[in-house]
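Below is one structure, written out as structure tokens, with a few remarks after it.
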Amino acid sequence: MTTQTLIVHGHDLKTAEKIAINIMGELETRKNHFRVHTRINFEIENLRSNNIVDINIINHSFNYDDIKLMVSDMDSTLISIETIDEVAKEVGLSNEVSLITEEAMQGHLDFSESFKKRLSILKGARTESFNEVYENKLKLNPGARELINFFKSNSIKTALVSGGINYFAVRVKKQLGIDTYRANEVEINNGALTGEVVGHVVDAQAKAKYIDDLCEHYDLDPNQVIAIGDGANDLEMMKLAGLSVAYRGKPILKKNCNIQINYGGLDSLIDFFDKF
Ligand SMILES: [Mg+2]
């Protein structure tokens with residue numbers, strides 16, 4: 001049996017010690033996390049369900065230093081809200097829209113159809129409502145800025161991809177200093193939504209295609225990409241990327257990713273790149 005290494009994220013020494021004993025491992029203290037090295041077999045899901053800290057496995061055959069591009073979802077990943085739901089609230093159509101959003105994020109509805117449906121419900125909504133949501137409701141998730149800054153200072157390109165309205169993607173991209181983005185262009189007439197999408201909806205396949213396009217643009221292999229998301233529509237891009245992260249992810253996503261962040265901030269991911 002070769003040695004396996006676990007990351008116990010955060011600063012909870014007692015829990016890290018308990019986990020180390022549990023899997024007969026050797027505990028190592030790092031700057032913002034702990035590592036446990038063990039030679040016995042263990043079930044990571046058991047450890048996760050018995051401890052309220054983030055626990056992930058380091059894949060020793062994966063070269064984390066070779067990551068050159070981050071592609072992240074926006075709603076409920078980089079930011080704490082679903083922007084389209086907040087726009088709906090702003091214009092008094094919350095009940096009609098948020099139920100469809102939740103079903104789509106769980107993977108129970110075709111994403112493209114669900115987006116068109118939600119947008120058609122919002123027909124007539126004024127674009128001022130976007131600004132209201134951005135100014136008063138939109139909050140970055142914990143660690144988002146730190147993570148982006150970390151990637152930027154390590155020459156890792158950053159990209160935002162959103163199945164939502166591009167107005168928010170443009171502003172969040174700018175706020176965080178992200179390099180590039182892709183999101184849904186929606187038709188606006190006389191300052192109001194017409195309820196129509198311009199071009200194709202950014203669905204799960206389009207998110208994966210975006211990674212392909214960026215890899216071609218930056219001359220990278222998908223293995224050099226870290227993809228971060230929370231919803232079912234992030235699944236396809238996760239399959240493509242070398243490293244995939246479910247941030248407070250839906251069950252379907254957690255089952256299919258390399259890394260789970262369920263308690264800590266997005267900057268927990270920096271632990272994977274910590275050399276000392
Ligand atoms: Mg999302």
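By convention here, the chains of the structure tokens are called A, B, ... in the order presented, each chain's residues are numbered starting at 1, and ligands are numbered starting at 1 in the order presented.
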| said: ligand 1: which residues are within 10 Å, counting only C-alpha atoms and all ligand atoms? Reply as a count of residues only. | reply: 29
| said: Excluding A:Ala20 and its own-chain neighbours fewer than 5 positions away, which residues fall within 10 Å of it when counting only C-alpha atoms? Please give them as a PyMOL selection string. | reply: chain A and resi 6+8+14-15+25-28+34-38
| said: Neighbouring residues of stretch 174-178 of chain A were defined as those with any atom within 7 Å, considering only C-alpha atoms; residues of the same chain fewer than 5 positions away were excluded. Please report them as a PyMOL selection string. | reply: chain A and resi 145+158-159
How would the residues just chosen look if you wrote them out with N, CA and C atoms as a PDB file, in the first residue's frame?
ATOM      1  N   ARG A 145     -12.065  36.462  -3.400  1.00  0.00           N
ATOM      2  CA  ARG A 145     -11.042  37.440  -3.800  1.00  0.00           C
ATOM      3  C   ARG A 145      -9.631  36.897  -3.544  1.00  0.00           C
ATOM      4  N   THR A 158      -7.464  33.348 -15.204  1.00  0.00           N
ATOM      5  CA  THR A 158      -8.749  33.172 -14.529  1.00  0.00           C
ATOM      6  C   THR A 158      -9.897  33.492 -15.492  1.00  0.00           C
ATOM      7  N   ALA A 159     -10.930  32.667 -15.442  1.00  0.00           N
ATOM      8  CA  ALA A 159     -12.093  32.866 -16.308  1.00  0.00           C
ATOM      9  C   ALA A 159     -13.370  32.584 -15.526  1.00  0.00           C
TER      10      ALA A 159
END
| Nearby residues (only C-alpha atoms) at most 10 Å from A:Lys209, same-chain spacing under 6 positions excluded, as a PyMOL selection string | chain A and resi 202-203+215+236-237+240
| request: Please report, as a PyMOL selection string, each residue of stretch 76-255 of chain A to which DSSP assigns alpha helix (DSSP H) when run on this structure's backbone. | output: chain A and resi 83-90+94-105+111-121+128-136+144-153+166-176+204-218+235-240+251-254
